[in-house]
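Engineer: What follows is data.cif, mmCIF, N, CA and C atoms.
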```cif
data_data
#
loop_
_atom_site.label_atom_id
_atom_site.label_comp_id
_atom_site.auth_asym_id
_atom_site.auth_seq_id
_atom_site.Cartn_x
_atom_site.Cartn_y
_atom_site.Cartn_z
N MET S 5 0.84 -1.19 0.00
CA MET S 5 0.00 0.00 0.00
C MET S 5 0.89 1.25 0.00
N GLU S 6 0.63 2.11 -0.94
CA GLU S 6 1.42 3.35 -1.06
C GLU S 6 0.89 4.40 -0.10
N GLN S 7 1.82 5.07 0.60
CA GLN S 7 1.44 6.15 1.49
C GLN S 7 1.62 7.47 0.77
N LYS S 8 0.54 8.21 0.63
CA LYS S 8 0.59 9.50 -0.06
C LYS S 8 0.95 10.59 0.94
N ASN S 9 1.84 11.49 0.50
CA ASN S 9 2.22 12.66 1.31
C ASN S 9 2.74 12.25 2.69
N VAL S 10 3.73 11.38 2.71
CA VAL S 10 4.28 10.89 3.96
C VAL S 10 4.82 12.03 4.82
N ILE S 11 5.44 13.02 4.21
CA ILE S 11 5.96 14.16 4.96
C ILE S 11 4.81 15.13 5.22
N ARG S 12 4.53 15.39 6.48
CA ARG S 12 3.48 16.34 6.86
C ARG S 12 4.10 17.72 6.95
N GLN S 13 3.77 18.59 6.00
CA GLN S 13 4.35 19.92 5.93
C GLN S 13 3.62 20.89 6.87
N VAL S 14 4.39 21.87 7.35
CA VAL S 14 3.82 22.94 8.17
C VAL S 14 4.20 24.26 7.50
N ALA S 15 3.20 25.10 7.27
CA ALA S 15 3.43 26.42 6.68
C ALA S 15 3.46 27.46 7.80
N VAL S 16 4.62 28.08 7.99
CA VAL S 16 4.80 29.11 9.01
C VAL S 16 4.90 30.46 8.31
N PRO S 17 4.08 31.43 8.71
CA PRO S 17 4.17 32.75 8.06
C PRO S 17 5.57 33.33 8.20
N TRP S 18 6.08 33.87 7.09
CA TRP S 18 7.38 34.55 7.10
C TRP S 18 7.16 35.92 7.72
N ALA S 19 7.81 36.19 8.83
CA ALA S 19 7.56 37.39 9.63
C ALA S 19 7.56 38.69 8.83
N PRO S 20 8.54 38.98 7.96
CA PRO S 20 8.50 40.26 7.25
C PRO S 20 7.27 40.44 6.36
N ALA S 21 6.63 39.34 5.97
CA ALA S 21 5.48 39.44 5.07
C ALA S 21 4.17 39.68 5.81
N ARG S 22 4.20 39.67 7.11
CA ARG S 22 2.95 39.88 7.87
C ARG S 22 2.36 41.25 7.66
N GLN S 23 3.16 42.20 7.20
CA GLN S 23 2.65 43.56 6.95
C GLN S 23 2.01 43.71 5.57
N LEU S 24 2.04 42.64 4.76
CA LEU S 24 1.42 42.70 3.43
C LEU S 24 -0.10 42.71 3.55
N PRO S 25 -0.77 43.50 2.72
CA PRO S 25 -2.23 43.46 2.73
C PRO S 25 -2.71 42.16 2.09
N PRO S 26 -3.85 41.64 2.51
CA PRO S 26 -4.38 40.40 1.90
C PRO S 26 -4.85 40.65 0.47
N GLY S 27 -4.98 39.58 -0.28
CA GLY S 27 -5.57 39.66 -1.61
C GLY S 27 -4.63 40.07 -2.72
N LEU S 28 -3.32 39.95 -2.53
CA LEU S 28 -2.38 40.31 -3.59
C LEU S 28 -2.29 39.21 -4.64
N VAL S 29 -1.82 39.59 -5.83
CA VAL S 29 -1.62 38.64 -6.92
C VAL S 29 -0.16 38.69 -7.35
N VAL S 30 0.28 37.63 -8.00
CA VAL S 30 1.61 37.64 -8.60
C VAL S 30 1.50 38.43 -9.89
N ALA S 31 2.15 39.59 -9.94
CA ALA S 31 2.06 40.47 -11.10
C ALA S 31 3.20 40.20 -12.09
N GLU S 32 4.39 39.91 -11.57
CA GLU S 32 5.55 39.64 -12.41
C GLU S 32 6.45 38.63 -11.72
N LEU S 33 7.15 37.85 -12.53
CA LEU S 33 8.13 36.91 -12.02
C LEU S 33 9.28 36.90 -13.00
N HIS S 34 10.48 37.19 -12.51
CA HIS S 34 11.65 37.24 -13.39
C HIS S 34 12.80 36.49 -12.73
N GLN S 35 13.27 35.45 -13.42
CA GLN S 35 14.43 34.71 -12.92
C GLN S 35 15.62 35.03 -13.81
N ASP S 36 16.67 35.55 -13.21
CA ASP S 36 17.92 35.83 -13.90
C ASP S 36 18.83 34.62 -13.67
N LEU S 37 18.93 33.77 -14.68
CA LEU S 37 19.70 32.53 -14.54
C LEU S 37 21.19 32.79 -14.36
N TRP S 38 21.72 33.78 -15.06
CA TRP S 38 23.14 34.09 -14.94
C TRP S 38 23.46 34.73 -13.61
N GLY S 39 22.58 35.58 -13.13
CA GLY S 39 22.80 36.26 -11.86
C GLY S 39 22.33 35.47 -10.65
N ASP S 40 21.65 34.33 -10.90
CA ASP S 40 21.15 33.47 -9.83
C ASP S 40 20.24 34.23 -8.88
N THR S 41 19.30 35.00 -9.46
CA THR S 41 18.34 35.75 -8.67
C THR S 41 16.93 35.53 -9.19
N LEU S 42 15.97 35.83 -8.35
CA LEU S 42 14.56 35.72 -8.70
C LEU S 42 13.86 36.93 -8.10
N THR S 43 13.07 37.62 -8.91
CA THR S 43 12.28 38.75 -8.44
C THR S 43 10.81 38.45 -8.69
N ILE S 44 10.03 38.54 -7.64
CA ILE S 44 8.58 38.35 -7.75
C ILE S 44 7.92 39.64 -7.30
N MET S 45 7.12 40.20 -8.19
CA MET S 45 6.38 41.43 -7.89
C MET S 45 4.95 41.05 -7.52
N LEU S 46 4.50 41.58 -6.40
CA LEU S 46 3.13 41.35 -5.95
C LEU S 46 2.35 42.66 -6.07
N GLY S 47 1.09 42.53 -6.42
CA GLY S 47 0.28 43.73 -6.60
C GLY S 47 -1.18 43.47 -6.32
N ARG S 48 -1.95 44.52 -6.48
CA ARG S 48 -3.39 44.47 -6.26
C ARG S 48 -4.07 44.46 -7.64
N ALA S 49 -4.94 43.48 -7.85
CA ALA S 49 -5.69 43.40 -9.11
C ALA S 49 -6.62 44.60 -9.22
N ARG S 50 -6.70 45.17 -10.44
CA ARG S 50 -7.56 46.33 -10.65
C ARG S 50 -8.77 45.97 -11.50
N SER S 51 -8.54 45.50 -12.69
CA SER S 51 -9.63 45.06 -13.57
C SER S 51 -9.02 44.12 -14.60
N ILE S 52 -9.87 43.53 -15.37
CA ILE S 52 -9.39 42.59 -16.39
C ILE S 52 -8.61 43.31 -17.50
N ASP S 53 -8.85 44.61 -17.67
CA ASP S 53 -8.20 45.38 -18.72
C ASP S 53 -6.88 46.02 -18.29
N LEU S 54 -6.63 46.07 -16.99
CA LEU S 54 -5.43 46.74 -16.49
C LEU S 54 -4.53 45.76 -15.74
N PRO S 55 -3.23 45.92 -15.89
CA PRO S 55 -2.34 45.06 -15.10
C PRO S 55 -2.46 45.42 -13.62
N PRO S 56 -2.06 44.50 -12.74
CA PRO S 56 -2.15 44.79 -11.30
C PRO S 56 -1.31 46.00 -10.92
N LYS S 57 -1.76 46.71 -9.89
CA LYS S 57 -0.98 47.82 -9.34
C LYS S 57 0.10 47.22 -8.46
N LEU S 58 1.36 47.45 -8.81
CA LEU S 58 2.49 46.86 -8.10
C LEU S 58 2.64 47.48 -6.72
N LEU S 59 2.76 46.63 -5.70
CA LEU S 59 2.90 47.11 -4.33
C LEU S 59 4.23 46.73 -3.69
N CYS S 60 4.75 45.55 -4.03
CA CYS S 60 6.00 45.14 -3.38
C CYS S 60 6.79 44.18 -4.26
N ARG S 61 8.05 44.02 -3.86
CA ARG S 61 8.98 43.16 -4.58
C ARG S 61 9.58 42.19 -3.57
N VAL S 62 9.64 40.91 -3.95
CA VAL S 62 10.32 39.90 -3.14
C VAL S 62 11.50 39.43 -3.99
N TYR S 63 12.70 39.60 -3.44
CA TYR S 63 13.93 39.35 -4.18
C TYR S 63 14.69 38.19 -3.52
N PHE S 64 14.97 37.18 -4.33
CA PHE S 64 15.68 35.99 -3.86
C PHE S 64 17.04 35.90 -4.54
N ARG S 65 18.03 35.38 -3.80
CA ARG S 65 19.36 35.06 -4.35
C ARG S 65 19.62 33.58 -4.11
N HIS S 66 20.53 33.03 -4.89
CA HIS S 66 20.94 31.63 -4.73
C HIS S 66 19.76 30.67 -4.82
N ILE S 67 19.13 30.65 -5.99
CA ILE S 67 17.97 29.80 -6.23
C ILE S 67 18.44 28.40 -6.62
N TYR S 68 17.93 27.41 -5.92
CA TYR S 68 18.24 26.02 -6.26
C TYR S 68 17.13 25.41 -7.10
N SER S 69 15.90 25.77 -6.79
CA SER S 69 14.78 25.24 -7.55
C SER S 69 13.59 26.18 -7.41
N LEU S 70 12.77 26.21 -8.45
CA LEU S 70 11.60 27.06 -8.50
C LEU S 70 10.48 26.30 -9.20
N ARG S 71 9.29 26.37 -8.65
CA ARG S 71 8.11 25.85 -9.36
C ARG S 71 6.98 26.84 -9.16
N VAL S 72 6.20 27.01 -10.21
CA VAL S 72 5.05 27.91 -10.16
C VAL S 72 3.85 27.10 -10.62
N ILE S 73 2.82 27.11 -9.79
CA ILE S 73 1.61 26.35 -10.09
C ILE S 73 0.44 27.32 -10.08
N GLU S 74 -0.37 27.26 -11.12
CA GLU S 74 -1.53 28.14 -11.21
C GLU S 74 -2.57 27.77 -10.17
N ASP S 75 -3.16 28.80 -9.58
CA ASP S 75 -4.29 28.66 -8.67
C ASP S 75 -3.98 27.79 -7.45
N CYS S 76 -2.71 27.74 -7.06
CA CYS S 76 -2.27 26.99 -5.88
C CYS S 76 -2.84 25.57 -5.88
N ASP S 77 -2.76 24.92 -7.03
CA ASP S 77 -3.31 23.59 -7.24
C ASP S 77 -2.33 22.53 -6.75
N LEU S 78 -2.12 22.49 -5.44
CA LEU S 78 -1.18 21.55 -4.84
C LEU S 78 -1.93 20.43 -4.15
N ALA S 79 -1.22 19.33 -3.89
CA ALA S 79 -1.84 18.17 -3.26
C ALA S 79 -2.49 18.50 -1.93
N GLU S 80 -1.85 19.37 -1.14
CA GLU S 80 -2.42 19.69 0.17
C GLU S 80 -3.55 20.70 0.10
N GLY S 81 -3.71 21.36 -1.03
CA GLY S 81 -4.83 22.25 -1.23
C GLY S 81 -4.72 23.55 -0.45
N LYS S 82 -5.65 24.46 -0.71
CA LYS S 82 -5.64 25.78 -0.08
C LYS S 82 -6.02 25.72 1.39
N GLU S 83 -6.63 24.62 1.83
CA GLU S 83 -7.04 24.53 3.22
C GLU S 83 -5.86 24.43 4.18
N SER S 84 -4.65 24.18 3.64
CA SER S 84 -3.50 23.98 4.51
C SER S 84 -2.96 25.28 5.11
N HIS S 85 -3.41 26.42 4.62
CA HIS S 85 -2.96 27.71 5.17
C HIS S 85 -3.97 28.79 4.83
N ALA S 86 -3.94 29.82 5.61
CA ALA S 86 -4.81 30.97 5.33
C ALA S 86 -4.22 31.77 4.18
N ILE S 87 -5.05 32.23 3.26
CA ILE S 87 -4.56 32.98 2.10
C ILE S 87 -3.95 34.31 2.52
N GLU S 88 -4.29 34.80 3.73
CA GLU S 88 -3.70 36.04 4.22
C GLU S 88 -2.20 35.88 4.50
N GLU S 89 -1.78 34.65 4.74
CA GLU S 89 -0.37 34.35 4.97
C GLU S 89 0.26 34.11 3.60
N GLN S 90 0.55 35.17 2.89
CA GLN S 90 0.93 35.04 1.49
C GLN S 90 2.35 34.55 1.26
N ILE S 91 3.23 34.72 2.23
CA ILE S 91 4.58 34.18 2.11
C ILE S 91 4.85 33.35 3.36
N GLN S 92 5.16 32.08 3.12
CA GLN S 92 5.40 31.17 4.23
C GLN S 92 6.74 30.48 4.06
N ILE S 93 7.23 29.93 5.17
CA ILE S 93 8.36 29.01 5.14
C ILE S 93 7.74 27.63 5.39
N ILE S 94 8.07 26.69 4.53
CA ILE S 94 7.51 25.34 4.61
C ILE S 94 8.56 24.42 5.22
N THR S 95 8.16 23.74 6.30
CA THR S 95 9.08 22.81 6.95
C THR S 95 8.30 21.73 7.67
N PRO S 96 8.68 20.50 7.58
CA PRO S 96 9.58 19.95 6.58
C PRO S 96 8.96 20.09 5.20
N SER S 97 9.74 19.95 4.18
CA SER S 97 9.30 20.26 2.82
C SER S 97 9.40 19.04 1.90
N ARG S 98 8.27 18.68 1.30
CA ARG S 98 8.28 17.62 0.28
C ARG S 98 9.03 18.09 -0.96
N PHE S 99 8.92 19.39 -1.26
CA PHE S 99 9.63 19.96 -2.42
C PHE S 99 11.14 19.83 -2.23
N ALA S 100 11.64 20.17 -1.04
CA ALA S 100 13.07 20.04 -0.75
C ALA S 100 13.49 18.58 -0.78
N SER S 101 12.66 17.71 -0.26
CA SER S 101 12.96 16.28 -0.28
C SER S 101 13.08 15.78 -1.72
N TRP S 102 12.12 16.18 -2.57
CA TRP S 102 12.18 15.82 -3.99
C TRP S 102 13.46 16.35 -4.62
N PHE S 103 13.81 17.61 -4.32
CA PHE S 103 15.01 18.23 -4.90
C PHE S 103 16.27 17.45 -4.51
N HIS S 104 16.38 17.08 -3.25
CA HIS S 104 17.57 16.33 -2.81
C HIS S 104 17.63 14.96 -3.46
N GLN S 105 16.47 14.36 -3.67
CA GLN S 105 16.45 13.06 -4.35
C GLN S 105 16.87 13.21 -5.81
N GLU S 106 16.34 14.23 -6.49
CA GLU S 106 16.66 14.45 -7.90
C GLU S 106 18.11 14.86 -8.12
N SER S 107 18.68 15.61 -7.16
CA SER S 107 20.06 16.07 -7.30
C SER S 107 21.05 15.09 -6.66
N ASP S 108 20.55 13.91 -6.30
CA ASP S 108 21.38 12.85 -5.74
C ASP S 108 22.09 13.30 -4.46
N GLY S 109 21.45 14.19 -3.69
CA GLY S 109 21.97 14.62 -2.41
C GLY S 109 23.18 15.53 -2.46
N VAL S 110 23.49 16.08 -3.63
CA VAL S 110 24.68 16.93 -3.78
C VAL S 110 24.61 18.16 -2.86
N HIS S 111 23.41 18.66 -2.60
CA HIS S 111 23.25 19.91 -1.82
C HIS S 111 22.76 19.67 -0.39
N LEU S 112 22.91 18.47 0.12
CA LEU S 112 22.44 18.17 1.47
C LEU S 112 23.15 19.01 2.54
N ASP S 113 24.37 19.46 2.27
CA ASP S 113 25.10 20.28 3.24
C ASP S 113 24.69 21.75 3.20
N GLU S 114 23.91 22.14 2.20
CA GLU S 114 23.44 23.52 2.09
C GLU S 114 22.27 23.73 3.05
N ASP S 115 22.15 24.92 3.59
CA ASP S 115 21.03 25.28 4.45
C ASP S 115 19.89 25.80 3.58
N LEU S 116 19.18 24.88 2.92
CA LEU S 116 18.10 25.27 2.02
C LEU S 116 16.82 25.54 2.79
N GLN S 117 16.13 26.60 2.40
CA GLN S 117 14.83 26.94 2.95
C GLN S 117 13.81 26.90 1.82
N HIS S 118 12.61 26.44 2.14
CA HIS S 118 11.51 26.40 1.18
C HIS S 118 10.55 27.54 1.50
N TYR S 119 10.50 28.51 0.61
CA TYR S 119 9.57 29.63 0.74
C TYR S 119 8.43 29.41 -0.24
N ARG S 120 7.22 29.73 0.19
CA ARG S 120 6.05 29.62 -0.67
C ARG S 120 5.35 30.97 -0.70
N ILE S 121 5.10 31.46 -1.90
CA ILE S 121 4.30 32.66 -2.09
C ILE S 121 2.96 32.19 -2.64
N SER S 122 1.90 32.37 -1.85
CA SER S 122 0.57 31.91 -2.23
C SER S 122 -0.35 33.09 -2.43
N THR S 123 -0.94 33.14 -3.59
CA THR S 123 -1.96 34.15 -3.87
C THR S 123 -3.14 33.42 -4.46
N TRP S 124 -4.21 34.12 -4.72
CA TRP S 124 -5.38 33.45 -5.27
C TRP S 124 -5.16 33.03 -6.72
N ASP S 125 -4.12 33.57 -7.40
CA ASP S 125 -3.92 33.19 -8.79
C ASP S 125 -2.76 32.22 -9.01
N TYR S 126 -1.70 32.32 -8.22
CA TYR S 126 -0.53 31.45 -8.40
C TYR S 126 0.07 31.07 -7.06
N CYS S 127 0.85 30.00 -7.12
CA CYS S 127 1.62 29.56 -5.97
C CYS S 127 3.05 29.33 -6.47
N ALA S 128 4.01 30.03 -5.89
CA ALA S 128 5.42 29.88 -6.26
C ALA S 128 6.16 29.27 -5.08
N ASP S 129 6.87 28.18 -5.34
CA ASP S 129 7.70 27.54 -4.34
C ASP S 129 9.15 27.76 -4.73
N ILE S 130 9.95 28.22 -3.77
CA ILE S 130 11.34 28.57 -4.03
C ILE S 130 12.23 27.88 -3.01
N LEU S 131 13.26 27.19 -3.49
CA LEU S 131 14.30 26.64 -2.61
C LEU S 131 15.51 27.53 -2.75
N THR S 132 15.97 28.09 -1.64
CA THR S 132 17.08 29.03 -1.65
C THR S 132 17.93 28.84 -0.40
N SER S 133 19.15 29.33 -0.48
CA SER S 133 20.04 29.26 0.69
C SER S 133 20.21 30.63 1.36
N SER S 134 19.47 31.63 0.88
CA SER S 134 19.57 32.95 1.51
C SER S 134 18.18 33.51 1.79
N VAL S 135 18.10 34.34 2.78
CA VAL S 135 16.83 34.96 3.17
C VAL S 135 16.42 35.97 2.10
N PRO S 136 15.17 35.93 1.63
CA PRO S 136 14.75 36.90 0.61
C PRO S 136 14.63 38.31 1.20
N GLU S 137 14.58 39.28 0.30
CA GLU S 137 14.37 40.67 0.69
C GLU S 137 12.98 41.10 0.24
N LEU S 138 12.26 41.76 1.13
CA LEU S 138 10.94 42.28 0.82
C LEU S 138 11.02 43.80 0.84
N SER S 139 10.59 44.42 -0.24
CA SER S 139 10.58 45.88 -0.28
C SER S 139 9.27 46.38 -0.87
N PHE S 140 8.78 47.48 -0.31
CA PHE S 140 7.55 48.09 -0.79
C PHE S 140 7.92 49.17 -1.81
N LEU S 141 7.09 49.31 -2.82
CA LEU S 141 7.34 50.29 -3.86
C LEU S 141 6.74 51.63 -3.45
N ALA S 142 7.45 52.70 -3.73
CA ALA S 142 6.97 54.04 -3.44
C ALA S 142 5.73 54.32 -4.28
N ASN S 143 4.71 54.83 -3.66
CA ASN S 143 3.44 55.17 -4.34
C ASN S 143 2.77 53.98 -4.96
N GLY S 144 3.20 52.77 -4.62
CA GLY S 144 2.55 51.57 -5.13
C GLY S 144 2.69 51.39 -6.62
N ASP S 145 3.78 51.89 -7.25
CA ASP S 145 4.01 51.60 -8.67
C ASP S 145 5.48 51.46 -8.99
#
```
Show the structure stored in the file as structure tokens.
Structural biologist:
Amino acid sequence: MEQKNVIRQVAVPWAPARQLPPGLVVAELHQDLWGDTLTIMLGRARSIDLPPKLLCRVYFRHIYSLRVIEDCDLAEGKESHAIEEQIQIITPSRFASWFHQESDGVHLDEDLQHYRISTWDYCADILTSSVPELSFLANGD
């Protein structure tokens, strides 16, 4: 008998993100492969004809793995965390476990953290060895 989701994940709100207003969307995502960085812009949806109003930037360095899933369509579902907790640290992490298995354990000595950015439109999971930076945009643009 196969056991599904053997690792029970816990989503802990990332403290700097607690000041974010609820209901943000992923407005932009840019990964610089040469620079080993990832920038995710979060914003407030305005209308179907206008792009979201940009409110903040989450900047990651030293990316080991990234996955983006539309509508947070994950095995554990949206019930596993409140949508107001838009950036979480996941521990223990099935994503990190998968990564270590796929990379044949080459990075087991690295202090990898699994960050999840959950919005009503997308869910981005990031494995990184450095703490991300959160910055708010002046005048929200």
Engineer: Give me the residues near segment 41-44 of chain S as a list of chain:residue names, where near means some atom within 7 Å (using only N, CA and C atoms) and where sequence neighbours in that chain fewer than 6 positions away do not count.
Structural biologist: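 Answer for this query is S:Val30, S:Ala31, S:Glu32, S:Leu33, S:His34, S:Gln35, S:Cys60, S:Arg61, S:Val62, S:Tyr63, S:Phe64, S:Arg65, S:His66, S:Ile67.
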Engineer: Taking the file as shown, what set of residues would the PyMOL selection byres ((chain S and resi 117) around 6.5) give back, as a PyMOL selection string?
Structural biologist: chain S and resi 94+115-116+118-119+130-134
Engineer: For Leu59 of chain S, find every residue with an atom within 5 Å (counting all atoms listed in the file), except residues of its own chain fewer than 6 positions away, and show them as a compact mmCIF listing (two decimals) with N, CA and C atoms, in the coordinates of the input.
Structural biologist:
```
# COMPACT_ATOMS: atom_id res chain seq x y z
N LEU S 46 4.50 41.58 -6.40
CA LEU S 46 3.13 41.35 -5.95
C LEU S 46 2.35 42.66 -6.07
N GLY S 47 1.09 42.53 -6.42
CA GLY S 47 0.28 43.73 -6.60
C GLY S 47 -1.18 43.47 -6.32
N PHE S 140 8.78 47.48 -0.31
CA PHE S 140 7.55 48.09 -0.79
C PHE S 140 7.92 49.17 -1.81
N LEU S 141 7.09 49.31 -2.82
CA LEU S 141 7.34 50.29 -3.86
C LEU S 141 6.74 51.63 -3.45
N GLY S 144 3.20 52.77 -4.62
CA GLY S 144 2.55 51.57 -5.13
C GLY S 144 2.69 51.39 -6.62
```
Engineer: Looking at S:Leu37, S:Leu28, S:Ala100, S:Cys127, which one is nearest to Gln13 of chain S, with distances taken over only C-alpha atoms?
Structural biologist: S:Ala100
Engineer: Select, from S:Ile73, S:Ile121, S:Ile52, S:Val110, the residue with the minimum atom-to-atom distance to Pro17 of chain S, counting only C-alpha atoms.
Structural biologist: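 Among the listed residues, S:Ile121 lies closest to Pro17 of chain S.
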Engineer: With only N, CA and C atoms as the atoms that count, which of S:Ile93, S:Ala142, S:Ala128, S:Ala19 lies nearest to Val72 of chain S?
Structural biologist: S:Ala128
Engineer: Mind the document's chain letters and residue numbers, and return as a PyMOL selection string the residues of segment 88-127 of chain S that DSSP labels strand (DSSP E or B).
Structural biologist: chain S and resi 91-95+117-122+126-127
Engineer: Emit the selected residues as a short mmCIF file (atom, residue, chain, number, x, y, z; two decimals), keeping the file's coordinate frame, including N, CA and C atoms.
Structural biologist:
```cif
data_model
loop_
_atom_site.label_atom_id
_atom_site.label_comp_id
_atom_site.auth_asym_id
_atom_site.auth_seq_id
_atom_site.Cartn_x
_atom_site.Cartn_y
_atom_site.Cartn_z
N ILE S 91 3.23 34.72 2.23
CA ILE S 91 4.58 34.18 2.11
C ILE S 91 4.85 33.35 3.36
N GLN S 92 5.16 32.08 3.12
CA GLN S 92 5.40 31.17 4.23
C GLN S 92 6.74 30.48 4.06
N ILE S 93 7.23 29.93 5.17
CA ILE S 93 8.36 29.01 5.14
C ILE S 93 7.74 27.63 5.39
N ILE S 94 8.07 26.69 4.53
CA ILE S 94 7.51 25.34 4.61
C ILE S 94 8.56 24.42 5.22
N THR S 95 8.16 23.74 6.30
CA THR S 95 9.08 22.81 6.95
C THR S 95 8.30 21.73 7.67
N GLN S 117 16.13 26.60 2.40
CA GLN S 117 14.83 26.94 2.95
C GLN S 117 13.81 26.90 1.82
N HIS S 118 12.61 26.44 2.14
CA HIS S 118 11.51 26.40 1.18
C HIS S 118 10.55 27.54 1.50
N TYR S 119 10.50 28.51 0.61
CA TYR S 119 9.57 29.63 0.74
C TYR S 119 8.43 29.41 -0.24
N ARG S 120 7.22 29.73 0.19
CA ARG S 120 6.05 29.62 -0.67
C ARG S 120 5.35 30.97 -0.70
N ILE S 121 5.10 31.46 -1.90
CA ILE S 121 4.30 32.66 -2.09
C ILE S 121 2.96 32.19 -2.64
N SER S 122 1.90 32.37 -1.85
CA SER S 122 0.57 31.91 -2.23
C SER S 122 -0.35 33.09 -2.43
N TYR S 126 -1.70 32.32 -8.22
CA TYR S 126 -0.53 31.45 -8.40
C TYR S 126 0.07 31.07 -7.06
N CYS S 127 0.85 30.00 -7.12
CA CYS S 127 1.62 29.56 -5.97
C CYS S 127 3.05 29.33 -6.47
#
```
Engineer: Please compute the atom C of Trp102 of chain S-atom CA of Ala15 of chain S distance, one decimal, in Å.
Structural biologist: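 These two atoms are separated by 18.2 Å.
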Engineer: Using DSSP on the backbone coordinates, identify the residues of segment 13-136 of chain S assigned to alpha helix (DSSP H); present them as an MDAnalysis selection string.
Structural biologist: chainID S and resid 98:106
Engineer: For Pro26 of chain S, which residue out of S:Glu106, S:Glu89, S:Ser101, S:Gly39 is the nearest one, using all atoms listed in the file?
Structural biologist: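 For Pro26 of chain S, the nearest of the candidates is S:Glu89.
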Engineer: To one decimal in Å, tell me the separation between atom N of Asp108 of chain S and atom N of Tyr68 of chain S.
Structural biologist: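 Separation between atom N of Asp108 of chain S and atom N of Tyr68 of chain S: 13.8 Å.
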Engineer: Between atom C of Gln23 of chain S and atom C of Ile11 of chain S, what distance in Å does the model show, to one decimal?
Structural biologist: 28.7 Å
Engineer: My list of candidates is S:Arg12, S:Asp125, S:Val135, S:Pro25. Which is closest to Ser97 of chain S when distances are computed with only N, CA and C atoms?
Structural biologist: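 Nearest candidate to Ser97 of chain S out of S:Arg12, S:Asp125, S:Val135, S:Pro25: S:Arg12.
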Engineer: Quick one: everything within 8 Å of Pro56 of chain S, counting only C-alpha atoms, minus sequence neighbours fewer than 5 positions away in the same chain. Send it as an MDAnalysis selection string.
Structural biologist: chainID S and resid 29 31 47:51
